[in-house]
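Data first, discussion second: the structure below is written as structure tokens.
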Amino acid sequence: MNGRCVRELVRKEFLQLFRDRRNRPLLIVAPLLQLILFGYVVTTDVRETRLAVVDESRTPLSRSLIEAFAASPAFRLQASAADARSLEEDLLQRRVDLGIHIASDFAVRLTARRPAEVQLLFDGSLSHLTSQRAAAAQAVIEDWNRRLLSLGSEPRSPAGGGIEGRIRTWYNPNLESRPYFVPGIVAFLVMLLSLLFTSLAIVREKEAGTMEQLIVTPLRPVEFLLGKTIPFFLVAQGQMVLVIGFARAWFEVPLAGSAVFLFAASGLFLVCTLGVGLWISTVSRTQQQAVLTTFLFLVPFFLLSGFVFPIERMPLLVRAAARLNPLAHFLVIVRGVFLKGVGPTVLWPSCLALAGIGAIVFGAALLKFRKRPG
Amino acid sequence: MAEAVAVRGLSKRFGRFTAVDGIDLTVQEGEIFGFLGPNGAGKSTTIRMLCGILKPSGGCGRVAGLDLFRDAERIKRRIGYLSQQFSLYDDLTPYENLRLFLGIYRVAPSLWAERIEEAVASVGLRPDLHRIVRGLPPGARQRLALACALLHRPRLLFLDEPTSGVDPLARRAFWEFIGGLTRQGISAFVSTHHLEEADRCGRVALMHEGRIVACGPPRRLVAEVLPERPEAGLEDAFAILLRGRAA
Amino acid sequence: MRARCIRAVARKEMIHLLRDPRSLALAFLIPLLLVLLFGYALSLDVEELAAAVVDRDCSPESRDLIRRIDASRAFAVRAELETDTALSRAIDAGRVSVGWVVPAGWGAALRAGRPAPLQVLIDGSDPNTGSQARAFAAALIERLNAERRGGRHAGVPPAVEARIRIWFNENLESRTFIVPGILAVILMIAGALLASTAIAREAESGTLETLRMLPLTAGELTAGKALPYVAVAWIDVLAAAVLAWGVFGIAPRAGIAGFLLASFLYILVAVGTGLLLSALAGSQLVATQLAILATYLPSLLLSDFVFPRQNMPSALQALSALVPATYFIDLLNGFYLRGIPASGLWPSFLVLFGMAVALAAGCVWAVRREGF
Ligand SMILES: Nc1ncnc2c1ncn2[C@@H]1O[C@H](COP(=O)(O)OP(=O)(O)OP(=O)(O)O)[C@@H](O)[C@H]1O
Ligand SMILES: [Mg+2]
């Protein structure tokens, strides 16, 4: 291996990368823009559940229950439906997520100190949100009950004793979405760009014919692959710094753990994504093939990473497959460092997995690339 | 006196199609060897095998004093190759291209300035040295490709149709340049479609459908094929040779 | 517009596709594979969440509690630990997401009718899982208390009882919306990506120069280029829909015709996006990068697929209104979950149709700019 040779290759790659004026926004502006965009979007908080009410009781009591819902940040009173039919129509047309039907005997039963029923009609299409919304609605009603009966302030210790649940939430006590998702977006964006650029890196030389000229030189496969990888590694690490800095400044997502460890781990992660990209590039003949193959990897990488869909809830076989996904391991690290403030002592298995995957894919790319004279 | 190229029974099959069919070739040191033949004859395929771009399906031999099969990588340090299509980076400048290949050929950096200066002066690239290659005329690109192939001072040059698409004056300058190189003992293996260029070669080989049909000094080939017509040229001789094969 | 010219361009483009079996296989296989994989694999519902318990009491009551936790749909007891540190280490490492700590003397307190505190620790880093887990834990405790009170209830009965009914997805299975949604995401990317190299490839290899010399109008070239990709994507849709029905039993509850029409319009939009970028970008690298940036994350995140629109800031809601997947997912939601006939969904149809027309015009304009 010859350092000077690799250095010149890296130099050339940088020249090409930054000479094309269209690449610059892709490298710098696109990740930041996407971070801002998706940082706002990606939230599973129950907020602004659109609510319509049919109040057949029309009493101060029923109105007070409606106000309790309107006052909760989880719900937004959208409209008052005239009757049950139009309530159902609203739900069908996705104008509301929740319909509340208060029967005409609501107040009468309550004043008689008999239980009164309220019907809650949920749109179940986004099931994960529906169960949270149902819980939030239950909480509003319980709260209202307590106020109505002016019970004590301790909710779960009824006078006669019983189990008293002291539920504590760690790491993200207010269960906010952003501290969880924003670090994930950072990881994903960097993967997206590093994978795309490297997967096209070698195919482009094949298509342009420059590969042929390189083959008749004493250039070694390792040198060539390093020359292709180092520039994208540096660019991607730069993006990582940029995007993490931006995430902290803009979204005020706290970084509980060590930044140095995070960058070291992201180096391991990049070795994996760049290795996959290079492998794709060596096995593809045209850019179209390379892009489609990249896509074949990209979508499962994203969806089987635990970014949105938790891995623990996947079937065993898929869970096993997700273990091969570098993004899944890196997300564990990123979230661990950002949210839990843990370091190598806890996260070493993920780091080890990344190192292993990286070694394997890089080795595969190298092997595949060796066999070039056909 | 060593031979720059000496191969026997060299062949290449693509699937069921045989592009090169067991050819024997020798090129002396300091010789210009012309490689002629119609489109699809297998010239480029042969050159690409000799350079180590393609792995031969059969045969044996030595190139630049090294075994074609065992030392393919070391051969690459001793040869220069100019491919049929322009294959340098067209989004870099000539200077950047030269620098890259100096690095790849492991030339010591202390020599870089000198080598670049030499290359630029010998092929006449000076005015275009810092312009993006994409905007250069074909002649200038061709000179750049030649300069790149010579950077590491190879003893053997493979030039695949170096003069196609180049104007007559530039072609003449090119052949004079190659002539100068061979006087320093460098050998050149040149494929071409311009038969009048064959006269500048020490020997030529005519290839057709993967086989060598005739090989030797151009004048002797003509005399052998057309002994009764001393005024005939290579073109007439080749027409007869190829017609004879087809029949 | 001459049909013969369009056919000629389309045939040539089709040959490109067919000659490259790998690209073609990828174009067909990826969508099917993903629908299958994600129908099986993806779920946002909290079920059998990994739980650990620390039982310092070891009374009949505490053992019963642990059994009940394990038996519930929400939790599965994966480990019984000795100490709090072991528990916190397990949560730190992500091995378990919920920890239940039963203090010594808990069972005795319960028997004596005194308040018996029980600690529940929840890993809140994933807010979706965390808040569902919290709700389920509270509900479980509530249920246990209610059972203990039994018929002779010591407390006051709740004044208002919520009777909850769930529509469209009665069992709250996320698969029901994930499978159609994933279809929308994949179609968009596949259509746009396939088409994104179509014009840029010819610009790079110089064959666009040749086409320019032919008596071919911009409209004919665009239509001819689009046709094969539309056909491929169309086969993708049919195959994916059949697969979703055959394997998961997920099928439109109404409006097969409407579903087909919607898919067709959506494919036009996807392929149009790819062609437009291809004509504008000039190089395959830039075209495909733009295609992925413009389709992948927006279709996934901005489209009302998993993350509801009403939670977004208003500027992003406006942006999400520009994402074609938003409307396709609305339509799919109507056909698959609500069983609304096409006539009830005309606004989304109209928008998709408008987008298709606008993109077609945009492509013709961009191709004309290339000198046609
Ligand atoms: N990679 C390949 N796969 C299959 N066939 C090939 C391949 N490369 C070349 N051929 C075929 O081998 C034959 C010889 O090709 P080659 O390029 O060597 O011809 P040539 O003599 O250089 O022609 P030209 O004068 O046009 O350059 C041709 O018929 C060509 O189609
Ligand atoms: Mg040739």
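Just remember, in the structure tokens the first chain shown is A, the second B, etc., residues are 1-based per chain, and ligands are 1-based in the order shown.
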I'd like the contact shell of Ala241 (chain C) - 12 Å cut-off, only C-alpha atoms, skipping same-chain residues fewer than 6 positions apart - returned as a PyMOL selection string. chain C and resi 31-32+35-36+39+179-184+187+234-235+247-252+256+259-260+263+332+336
Could you please take those selected residues and save C-alpha atoms as a PDB file, in the first residue's frame?
```pdb
ATOM      1  CA  PRO C  31     -42.002  -3.756  -3.979  1.00  0.00           C
ATOM      2  CA  LEU C  32     -43.270  -7.289  -3.424  1.00  0.00           C
ATOM      3  CA  VAL C  35     -44.869  -5.386   1.179  1.00  0.00           C
ATOM      4  CA  LEU C  36     -44.397  -8.939   2.389  1.00  0.00           C
ATOM      5  CA  GLY C  39     -46.725  -6.715   6.520  1.00  0.00           C
ATOM      6  CA  VAL C 179     -49.444  -2.430   4.364  1.00  0.00           C
ATOM      7  CA  PRO C 180     -51.367   0.017   2.153  1.00  0.00           C
ATOM      8  CA  GLY C 181     -49.176   2.875   3.337  1.00  0.00           C
ATOM      9  CA  ILE C 182     -45.963   1.086   2.482  1.00  0.00           C
ATOM     10  CA  LEU C 183     -47.412   0.473  -0.975  1.00  0.00           C
ATOM     11  CA  ALA C 184     -47.746   4.225  -1.446  1.00  0.00           C
ATOM     12  CA  LEU C 187     -44.575   2.931  -5.604  1.00  0.00           C
ATOM     13  CA  TRP C 234     -48.648  -0.836 -12.738  1.00  0.00           C
ATOM     14  CA  ILE C 235     -47.687  -4.486 -12.570  1.00  0.00           C
ATOM     15  CA  VAL C 247     -51.147 -13.248   2.487  1.00  0.00           C
ATOM     16  CA  PHE C 248     -52.563 -10.776   4.976  1.00  0.00           C
ATOM     17  CA  GLY C 249     -56.184 -10.739   3.939  1.00  0.00           C
ATOM     18  CA  ILE C 250     -55.919  -7.005   3.542  1.00  0.00           C
ATOM     19  CA  ALA C 251     -58.086  -5.937   0.633  1.00  0.00           C
ATOM     20  CA  PRO C 252     -60.073  -2.861  -0.289  1.00  0.00           C
ATOM     21  CA  ILE C 256     -61.817  -1.892  -6.563  1.00  0.00           C
ATOM     22  CA  PHE C 259     -58.455   1.747  -6.153  1.00  0.00           C
ATOM     23  CA  LEU C 260     -57.197   0.927  -9.632  1.00  0.00           C
ATOM     24  CA  SER C 263     -53.132   3.772  -8.354  1.00  0.00           C
ATOM     25  CA  LEU C 332     -56.054   3.991   0.280  1.00  0.00           C
ATOM     26  CA  TYR C 336     -58.922  -0.256   2.619  1.00  0.00           C
TER      27      TYR C 336
END
```
Extract, using only C-alpha atoms, all DNA, RNA and protein residues at most 9 Å from Thr326 (chain C), discarding same-chain residues fewer than 2 positions from it, and format them as a PyMOL selection string. chain C and resi 299+302-305+320-324+328-331+348
Those selected residues, please, written with C-alpha atoms and delivered as a PDB file, in the first residue's frame.
```
ATOM      1  CA  SER C 299     -43.677  10.024   1.195  1.00  0.00           C
ATOM      2  CA  LEU C 302     -44.931  13.985   5.397  1.00  0.00           C
ATOM      3  CA  SER C 303     -47.790  11.971   4.034  1.00  0.00           C
ATOM      4  CA  ASP C 304     -50.002  11.182   7.011  1.00  0.00           C
ATOM      5  CA  PHE C 305     -48.703   7.621   6.856  1.00  0.00           C
ATOM      6  CA  SER C 320     -47.422  17.969   3.092  1.00  0.00           C
ATOM      7  CA  ALA C 321     -50.266  19.167   0.867  1.00  0.00           C
ATOM      8  CA  LEU C 322     -47.745  19.124  -1.991  1.00  0.00           C
ATOM      9  CA  VAL C 323     -46.725  15.517  -1.381  1.00  0.00           C
ATOM     10  CA  PRO C 324     -48.616  13.175  -3.726  1.00  0.00           C
ATOM     11  CA  PHE C 328     -52.877   8.458  -2.275  1.00  0.00           C
ATOM     12  CA  ILE C 329     -52.746   7.430   1.363  1.00  0.00           C
ATOM     13  CA  ASP C 330     -56.006   9.263   1.953  1.00  0.00           C
ATOM     14  CA  LEU C 331     -57.530   7.278  -0.907  1.00  0.00           C
ATOM     15  CA  SER C 348     -58.102  13.528  -3.434  1.00  0.00           C
TER      16      SER C 348
END
```
Distance filter 7 Å, only C-alpha atoms, chain B against chain A, as a ChimeraX atom specification: /B:51-55,73,76-77,81,87-89,91,100,103-106
Can those selected residues be exported to a file as an mmCIF file, in the first residue's frame so that it contains C-alpha atoms?
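Below you can see part26.cif, which holds the result:
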```
data_model
loop_
_atom_site.group_PDB
_atom_site.id
_atom_site.type_symbol
_atom_site.label_atom_id
_atom_site.label_comp_id
_atom_site.auth_asym_id
_atom_site.auth_seq_id
_atom_site.Cartn_x
_atom_site.Cartn_y
_atom_site.Cartn_z
ATOM 1 C CA CYS B 51 -2.268 -5.091 -20.818
ATOM 2 C CA GLY B 52 -3.955 -7.217 -18.168
ATOM 3 C CA ILE B 53 -7.423 -5.690 -18.497
ATOM 4 C CA LEU B 54 -8.854 -8.989 -19.720
ATOM 5 C CA LYS B 55 -7.794 -12.408 -18.564
ATOM 6 C CA GLU B 73 0.383 -6.801 -11.888
ATOM 7 C CA LYS B 76 1.474 -2.893 -15.449
ATOM 8 C CA ARG B 77 4.408 -0.940 -14.034
ATOM 9 C CA TYR B 81 -1.773 2.079 -22.400
ATOM 10 C CA SER B 87 -10.621 7.286 -20.636
ATOM 11 C CA LEU B 88 -9.271 10.031 -18.418
ATOM 12 C CA TYR B 89 -11.255 12.227 -16.073
ATOM 13 C CA ASP B 91 -14.072 16.860 -15.104
ATOM 14 C CA LEU B 100 -3.142 11.667 -10.183
ATOM 15 C CA GLY B 103 0.731 9.294 -7.665
ATOM 16 C CA ILE B 104 -0.730 6.050 -8.911
ATOM 17 C CA TYR B 105 2.492 5.076 -10.701
ATOM 18 C CA ARG B 106 4.377 5.764 -7.466
#
```
9 Å shell around ligand 2 using only C-alpha atoms and all ligand atoms, listed as a PyMOL selection string: chain B and resi 39-45+47+83-84+160-161+191-192
Next, write the just-selected residues to a file, as a compact mmCIF listing (two decimals), in the first residue's frame, keeping N, CA and C atoms as the atom set.
```txt
# COMPACT_ATOMS: atom_id res chain seq x y z
N ASN B 39 -13.11 -3.82 -38.47
CA ASN B 39 -13.84 -3.70 -37.21
C ASN B 39 -14.22 -5.07 -36.69
N GLY B 40 -14.06 -5.25 -35.40
CA GLY B 40 -14.48 -6.52 -34.80
C GLY B 40 -13.49 -7.65 -35.01
N ALA B 41 -12.31 -7.34 -35.55
CA ALA B 41 -11.34 -8.40 -35.82
C ALA B 41 -10.78 -8.98 -34.53
N GLY B 42 -10.77 -8.17 -33.46
CA GLY B 42 -10.22 -8.65 -32.18
C GLY B 42 -8.97 -7.89 -31.78
N LYS B 43 -8.71 -6.75 -32.40
CA LYS B 43 -7.49 -5.98 -32.08
C LYS B 43 -7.54 -5.48 -30.64
N SER B 44 -8.64 -4.78 -30.32
CA SER B 44 -8.73 -4.22 -28.97
C SER B 44 -8.69 -5.32 -27.93
N THR B 45 -9.38 -6.41 -28.21
CA THR B 45 -9.40 -7.53 -27.26
C THR B 45 -7.98 -8.04 -27.01
N ILE B 47 -5.13 -6.37 -27.38
CA ILE B 47 -4.38 -5.38 -26.62
C ILE B 47 -4.79 -5.41 -25.15
N SER B 83 -6.26 3.85 -24.42
CA SER B 83 -7.39 3.03 -24.87
C SER B 83 -8.08 3.67 -26.06
N GLN B 84 -8.94 2.84 -26.69
CA GLN B 84 -9.58 3.30 -27.91
C GLN B 84 -10.48 4.51 -27.64
N ASP B 160 -4.18 1.96 -28.71
CA ASP B 160 -5.32 1.41 -29.44
C ASP B 160 -5.98 2.54 -30.24
N GLU B 161 -5.77 2.50 -31.54
CA GLU B 161 -6.28 3.52 -32.46
C GLU B 161 -6.03 4.93 -31.93
N SER B 191 -2.52 -0.12 -32.82
CA SER B 191 -3.55 -0.58 -33.74
C SER B 191 -4.07 0.64 -34.49
N THR B 192 -4.45 0.43 -35.73
CA THR B 192 -4.93 1.57 -36.53
C THR B 192 -5.75 1.09 -37.71
```
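Distance annotation: of B:Arg153, B:Arg219, B:Arg70, B:Arg16, the residue with the minimal separation from ligand 1 is B:Arg16; atom set is only C-alpha atoms and all ligand atoms.
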Assign secondary structure with DSSP using the backbone only, and return the residues of region 176-224 of chain A in alpha helix (DSSP H) as a VMD selection string. chain A and resid 178 to 208 210 to 215 221 to 224
Where in region 37-248 of chain C does DSSP assign strand (DSSP E or B), given as a PyMOL selection string? chain C and resi 49-55+75-81+98-102+115-123+160-167
Dump N, CA, C and O atoms for the selected residues as a tab-separated table (two decimals), in the first residue's frame?
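Output file part.tsv is given in full below:
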```
chain	number	residue	atom	x	y	z
C	49	LEU	N	-44.34	-6.40	25.74
C	49	LEU	CA	-43.18	-5.57	25.98
C	49	LEU	C	-42.28	-6.24	27.02
C	49	LEU	O	-42.76	-6.75	28.03
C	50	ALA	N	-40.98	-6.23	26.73
C	50	ALA	CA	-40.05	-6.91	27.64
C	50	ALA	C	-40.05	-6.24	29.00
C	50	ALA	O	-39.76	-5.05	29.11
C	51	ALA	N	-40.37	-7.01	30.04
C	51	ALA	CA	-40.42	-6.45	31.39
C	51	ALA	C	-39.50	-7.25	32.30
C	51	ALA	O	-39.22	-8.41	32.05
C	52	ALA	N	-38.99	-6.59	33.34
C	52	ALA	CA	-38.22	-7.29	34.35
C	52	ALA	C	-38.85	-6.97	35.71
C	52	ALA	O	-39.43	-5.90	35.88
C	53	VAL	N	-38.74	-7.91	36.63
C	53	VAL	CA	-39.30	-7.65	37.96
C	53	VAL	C	-38.22	-7.82	39.01
C	53	VAL	O	-37.31	-8.62	38.86
C	54	VAL	N	-38.33	-6.99	40.06
C	54	VAL	CA	-37.51	-7.18	41.24
C	54	VAL	C	-38.48	-7.44	42.38
C	54	VAL	O	-39.24	-6.56	42.77
C	55	ASP	N	-38.51	-8.66	42.86
C	55	ASP	CA	-39.47	-9.02	43.90
C	55	ASP	C	-38.75	-9.14	45.24
C	55	ASP	O	-38.09	-10.13	45.51
C	75	PHE	N	-47.42	-6.92	28.47
C	75	PHE	CA	-46.07	-7.17	29.01
C	75	PHE	C	-45.72	-8.65	28.99
C	75	PHE	O	-46.60	-9.52	29.07
C	76	ALA	N	-44.44	-8.92	28.90
C	76	ALA	CA	-43.94	-10.29	29.07
C	76	ALA	C	-42.76	-10.20	30.03
C	76	ALA	O	-41.83	-9.43	29.79
C	77	VAL	N	-42.80	-10.94	31.11
C	77	VAL	CA	-41.72	-10.88	32.09
C	77	VAL	C	-40.55	-11.69	31.55
C	77	VAL	O	-40.64	-12.90	31.38
C	78	ARG	N	-39.47	-10.98	31.27
C	78	ARG	CA	-38.32	-11.64	30.66
C	78	ARG	C	-37.28	-12.02	31.70
C	78	ARG	O	-36.46	-12.89	31.46
C	79	ALA	N	-37.26	-11.29	32.82
C	79	ALA	CA	-36.20	-11.55	33.78
C	79	ALA	C	-36.68	-11.22	35.17
C	79	ALA	O	-37.50	-10.33	35.37
C	80	GLU	N	-36.18	-11.99	36.14
C	80	GLU	CA	-36.42	-11.63	37.52
C	80	GLU	C	-35.07	-11.27	38.11
C	80	GLU	O	-34.15	-12.08	38.12
C	81	LEU	N	-34.93	-10.05	38.58
C	81	LEU	CA	-33.62	-9.56	39.00
C	81	LEU	C	-33.59	-9.38	40.51
C	81	LEU	O	-34.63	-9.27	41.16
C	98	VAL	N	-39.54	-2.11	30.64
C	98	VAL	CA	-40.33	-1.81	31.83
C	98	VAL	C	-39.79	-2.61	33.01
C	98	VAL	O	-39.41	-3.76	32.84
C	99	GLY	N	-39.71	-1.97	34.15
C	99	GLY	CA	-39.29	-2.69	35.34
C	99	GLY	C	-40.33	-2.52	36.44
C	99	GLY	O	-40.84	-1.42	36.66
C	100	TRP	N	-40.66	-3.61	37.08
C	100	TRP	CA	-41.61	-3.56	38.20
C	100	TRP	C	-40.83	-3.91	39.47
C	100	TRP	O	-40.17	-4.93	39.53
C	101	VAL	N	-40.92	-3.03	40.48
C	101	VAL	CA	-40.21	-3.30	41.72
C	101	VAL	C	-41.23	-3.45	42.85
C	101	VAL	O	-41.99	-2.54	43.16
C	102	VAL	N	-41.24	-4.64	43.47
C	102	VAL	CA	-42.16	-4.90	44.58
C	102	VAL	C	-41.36	-4.80	45.87
C	102	VAL	O	-40.46	-5.61	46.10
C	115	PRO	N	-52.21	1.30	52.08
C	115	PRO	CA	-51.69	1.56	50.75
C	115	PRO	C	-50.42	0.75	50.52
C	115	PRO	O	-49.55	0.70	51.39
C	116	ALA	N	-50.34	0.10	49.37
C	116	ALA	CA	-49.17	-0.74	49.08
C	116	ALA	C	-48.48	-0.21	47.82
C	116	ALA	O	-48.89	-0.50	46.70
C	117	PRO	N	-47.44	0.60	48.01
C	117	PRO	CA	-46.81	1.22	46.83
C	117	PRO	C	-46.02	0.22	46.00
C	117	PRO	O	-45.38	-0.68	46.54
C	118	LEU	N	-46.10	0.40	44.71
C	118	LEU	CA	-45.45	-0.49	43.75
C	118	LEU	C	-44.75	0.41	42.75
C	118	LEU	O	-45.33	1.34	42.23
C	119	GLN	N	-43.45	0.12	42.54
C	119	GLN	CA	-42.74	1.02	41.64
C	119	GLN	C	-42.69	0.45	40.22
C	119	GLN	O	-42.39	-0.73	40.04
C	120	VAL	N	-43.00	1.30	39.26
C	120	VAL	CA	-42.92	0.89	37.86
C	120	VAL	C	-41.95	1.84	37.15
C	120	VAL	O	-42.12	3.05	37.19
C	121	LEU	N	-40.91	1.28	36.54
C	121	LEU	CA	-39.95	2.11	35.80
C	121	LEU	C	-40.15	1.87	34.32
C	121	LEU	O	-40.18	0.71	33.87
C	122	ILE	N	-40.27	2.95	33.56
C	122	ILE	CA	-40.53	2.79	32.13
C	122	ILE	C	-39.44	3.49	31.35
C	122	ILE	O	-39.07	4.63	31.64
C	123	ASP	N	-38.90	2.79	30.36
C	123	ASP	CA	-37.94	3.42	29.45
C	123	ASP	C	-38.72	4.31	28.51
C	123	ASP	O	-39.44	3.85	27.65
C	160	VAL	N	-68.73	8.83	35.71
C	160	VAL	CA	-68.94	8.70	34.28
C	160	VAL	C	-68.10	7.54	33.78
C	160	VAL	O	-66.94	7.42	34.13
C	161	GLU	N	-68.70	6.66	33.05
C	161	GLU	CA	-67.95	5.56	32.48
C	161	GLU	C	-67.80	5.77	30.99
C	161	GLU	O	-68.77	6.06	30.30
C	162	ALA	N	-66.58	5.62	30.53
C	162	ALA	CA	-66.37	5.77	29.10
C	162	ALA	C	-66.63	4.44	28.43
C	162	ALA	O	-66.11	3.42	28.86
C	163	ARG	N	-67.45	4.45	27.42
C	163	ARG	CA	-67.63	3.24	26.63
C	163	ARG	C	-66.93	3.49	25.29
C	163	ARG	O	-67.35	4.32	24.51
C	164	ILE	N	-65.82	2.78	25.12
C	164	ILE	CA	-64.98	3.08	23.96
C	164	ILE	C	-65.27	2.13	22.82
C	164	ILE	O	-65.35	0.91	23.02
C	165	ARG	N	-65.50	2.71	21.65
C	165	ARG	CA	-65.65	1.86	20.45
C	165	ARG	C	-64.65	2.31	19.41
C	165	ARG	O	-64.37	3.50	19.27
C	166	ILE	N	-64.12	1.36	18.71
C	166	ILE	CA	-63.11	1.71	17.71
C	166	ILE	C	-63.57	1.29	16.34
C	166	ILE	O	-64.05	0.16	16.15
C	167	TRP	N	-63.46	2.22	15.44
C	167	TRP	CA	-63.93	1.96	14.08
C	167	TRP	C	-62.79	1.70	13.13
C	167	TRP	O	-61.66	2.12	13.36
```
Give me, as a PyMOL selection string, all polymer residues having an atom no more than 10 Å from region 86-98 of chain A, counting only C-alpha atoms and skipping those fewer than 6 positions away in the same chain. (chain A and resi 48-54+75-80+120-126+130+133-134+137) or (chain C and resi 165-168+330+333-334+337-340+344-345)
If we count only C-alpha atoms and set the cut-off at 10 Å, which residues sit around Ser284 (chain A), ignoring sequence neighbours fewer than 5 positions away in its own chain? Please answer as a VMD selection string. (chain A and resid 199 to 200 202 to 203 206 278 to 279 289 to 293) or (chain C and resid 22 to 23)
Pick out the residues sitting within 12 Å of Arg4 (chain C), and hand them over as a PyMOL selection string; count only C-alpha atoms, and ignore anything fewer than 4 positions along from it in its own chain. chain C and resi 8-11+215-216+220-221+223-224
Quick one: residues within 8 Å of Tyr296 (chain C), only C-alpha atoms, excluding same-chain residues fewer than 6 positions away - as a list in words? Val185, Met188 and Ile189 of chain C
Preceding selection exported with all heavy atoms as an mmCIF file, in the first residue's frame:
```cif
data_model
loop_
_atom_site.group_PDB
_atom_site.id
_atom_site.type_symbol
_atom_site.label_atom_id
_atom_site.label_comp_id
_atom_site.auth_asym_id
_atom_site.auth_seq_id
_atom_site.Cartn_x
_atom_site.Cartn_y
_atom_site.Cartn_z
ATOM 1 N N VAL C 185 -45.570 4.410 -0.398
ATOM 2 C CA VAL C 185 -44.184 4.869 -0.329
ATOM 3 C C VAL C 185 -43.339 4.202 -1.413
ATOM 4 O O VAL C 185 -42.595 4.853 -2.145
ATOM 5 C CB VAL C 185 -43.594 4.556 1.066
ATOM 6 C CG1 VAL C 185 -42.133 4.947 1.112
ATOM 7 C CG2 VAL C 185 -44.374 5.282 2.139
ATOM 8 N N MET C 188 -44.024 5.207 -5.083
ATOM 9 C CA MET C 188 -43.498 6.527 -5.373
ATOM 10 C C MET C 188 -42.004 6.436 -5.682
ATOM 11 O O MET C 188 -41.539 6.936 -6.701
ATOM 12 C CB MET C 188 -43.740 7.437 -4.162
ATOM 13 C CG MET C 188 -43.410 8.875 -4.415
ATOM 14 S SD MET C 188 -44.129 9.349 -5.936
ATOM 15 C CE MET C 188 -44.592 10.897 -5.920
ATOM 16 N N ILE C 189 -41.267 5.776 -4.802
ATOM 17 C CA ILE C 189 -39.822 5.733 -5.016
ATOM 18 C C ILE C 189 -39.499 4.912 -6.250
ATOM 19 O O ILE C 189 -38.666 5.308 -7.060
ATOM 20 C CB ILE C 189 -39.088 5.115 -3.815
ATOM 21 C CG1 ILE C 189 -39.694 5.628 -2.528
ATOM 22 C CG2 ILE C 189 -37.636 5.480 -3.845
ATOM 23 C CD1 ILE C 189 -39.066 5.021 -1.330
#
```
For Lys368 (chain A): contacts at 12 Å, only C-alpha atoms, fewer than 5 positions along chain excluded, given as a count of residues only: 17
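Between CA of Asp70 (chain C) and CA of Phe136 (chain C) the interatomic distance comes to 12.7 Å.
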CA of Ala112 (chain C) and CA of Leu65 (chain C), how far apart in Å? 16.8 Å
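Residue nearest chain A within the list C:Arg212, C:Lys225, C:Arg253, C:Arg175: C:Arg175 [criterion: smallest interatomic distance, only C-alpha atoms].
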